[in-house]
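Presented below is the structure to which this report refers.
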Amino acid sequence: MTEETTTTGTALLEATAFARELCRIMEARGIPTDQEHAAQLAERSGLDPEAFRARLAGEPGANPGDLSRLAKELALARHERRVLALAYTLEEDFEEPITPEERDLYDAKADEEAWSHAIEILEPMTEIARVFGSEELIRVLTHAREEADRELNRALDVLEALQEPLQERETSGA
């Protein structure tokens, strides 16, 4: 595993998409992203700590166990579970690390999924606010929905722009 010594220990340098996503989630929850904390997280989640570290290092054959308890331990939101599962699965299918193009495509897909999920949440909330007649809440939720729509469209544009060259390469046989 690629490592860097810091004042808090040996940090994970996000050698894989799975490690990058896990580090992002750990940091968001105030958990240090070092080997020791990763091993403790694995143990609390009922995973094999050594296999977990190996998987973070990019060994796709390493099987730390069922990741559902990891999701529960970190209290992952639905979209976070999906993104982490996608990263885990992506590396399970490929022996070599992903290219920068693949990473950009992965990030664009994650953005699209996150904004789609936000819209799924905002739609029923807005309808409920209309039932209760709260004009202020309706205004706030409508504004949030409009922002989510703009961001979803932006994410879709980025995704389309990234997919075009890949599709051209596939059709040309490159």
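Just so we're on the same page: first chain in the structure tokens is A, next is B, and so on; residues restart at 1 for each chain, and ligands are numbered from 1 in the order they show up.
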Surrounding residues of Ala144 (chain A) excluding itself and chain neighbours under 6 positions, 10 Å, only C-alpha atoms, as a ChimeraX atom specification: /A:118-119,122,126,138,150
Spatial neighbours of Leu105 (chain A), max dist 10 Å, only C-alpha atoms, sep filter under 4 positions, as a PyMOL selection string: chain A and resi 99-101+109-111+158-163+166
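Residue neighbourhood of Ala51 (chain A), excluding near-sequence residues (fewer than 4 positions): Ala62, Asn63 and Pro64 of chain A, at 6 Å, using only C-alpha atoms.
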Pull N, CA and C atoms from the residues just selected and write them as an mmCIF file, in the first residue's frame.
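That gives us out28.cif:
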data_model
loop_
_atom_site.group_PDB
_atom_site.id
_atom_site.type_symbol
_atom_site.label_atom_id
_atom_site.label_comp_id
_atom_site.auth_asym_id
_atom_site.auth_seq_id
_atom_site.Cartn_x
_atom_site.Cartn_y
_atom_site.Cartn_z
ATOM 1 N N ALA A 62 -8.318 -9.877 -2.420
ATOM 2 C CA ALA A 62 -8.467 -9.864 -0.955
ATOM 3 C C ALA A 62 -9.938 -9.708 -0.603
ATOM 4 N N ASN A 63 -10.435 -10.622 0.235
ATOM 5 C CA ASN A 63 -11.846 -10.585 0.613
ATOM 6 C C ASN A 63 -11.954 -10.366 2.116
ATOM 7 N N PRO A 64 -12.220 -9.110 2.522
ATOM 8 C CA PRO A 64 -12.301 -8.823 3.954
ATOM 9 C C PRO A 64 -13.590 -9.308 4.610
#
Which residue of A:Ala114, A:Ala39, A:Leu84, A:Leu47 approaches Leu152 (chain A) most closely, using only C-alpha atoms: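 So, comparing all the options, the nearest one is A:Ala114.
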9 Å contact set for Glu80 (chain A), only C-alpha atoms, chain neighbours under 5 positions out, as a ChimeraX atom specification: /A:21,25,71,85,114
CA of Arg20 (chain A) to CA of Glu168 (chain A), straight-line distance in Å: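 For CA of Glu168 (chain A) relative to CA of Arg20 (chain A), the distance reads 29.0 Å.
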Point-to-point distance from CA of Glu27 (chain A) to CA of His117 (chain A), Å rounded to tenths: 21.9 Å
Residues flagged alpha helix (DSSP H) by DSSP in chain A, as a PyMOL selection string: chain A and resi 17-28+35-44+49-56+68-73+78-93+100-132+135-172
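For the atom pair formed by CA of Gln40 (chain A) and CA of Leu56 (chain A), the distance is 14.0 Å, given to one decimal.
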Proximity to Ser45 (chain A) - best of A:Ala148, A:Ile128, A:Leu137, A:Ala75, only C-alpha atoms: A:Ala75
From A:Phe52, A:Ile31, A:Glu36, A:Phe18, residue lying nearest Arg81 (chain A) [only C-alpha atoms]: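 Under the stated criterion, the closest residue is A:Phe18.
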Shell of 12 Å around Cys23 (chain A), only C-alpha atoms, local chain residues under 6 positions omitted, as JSON, numbers by chain: {"A": [11, 12, 13, 14, 15, 16, 17, 29, 30, 31, 32, 33, 34, 35, 37, 38, 41, 56, 74, 84]}
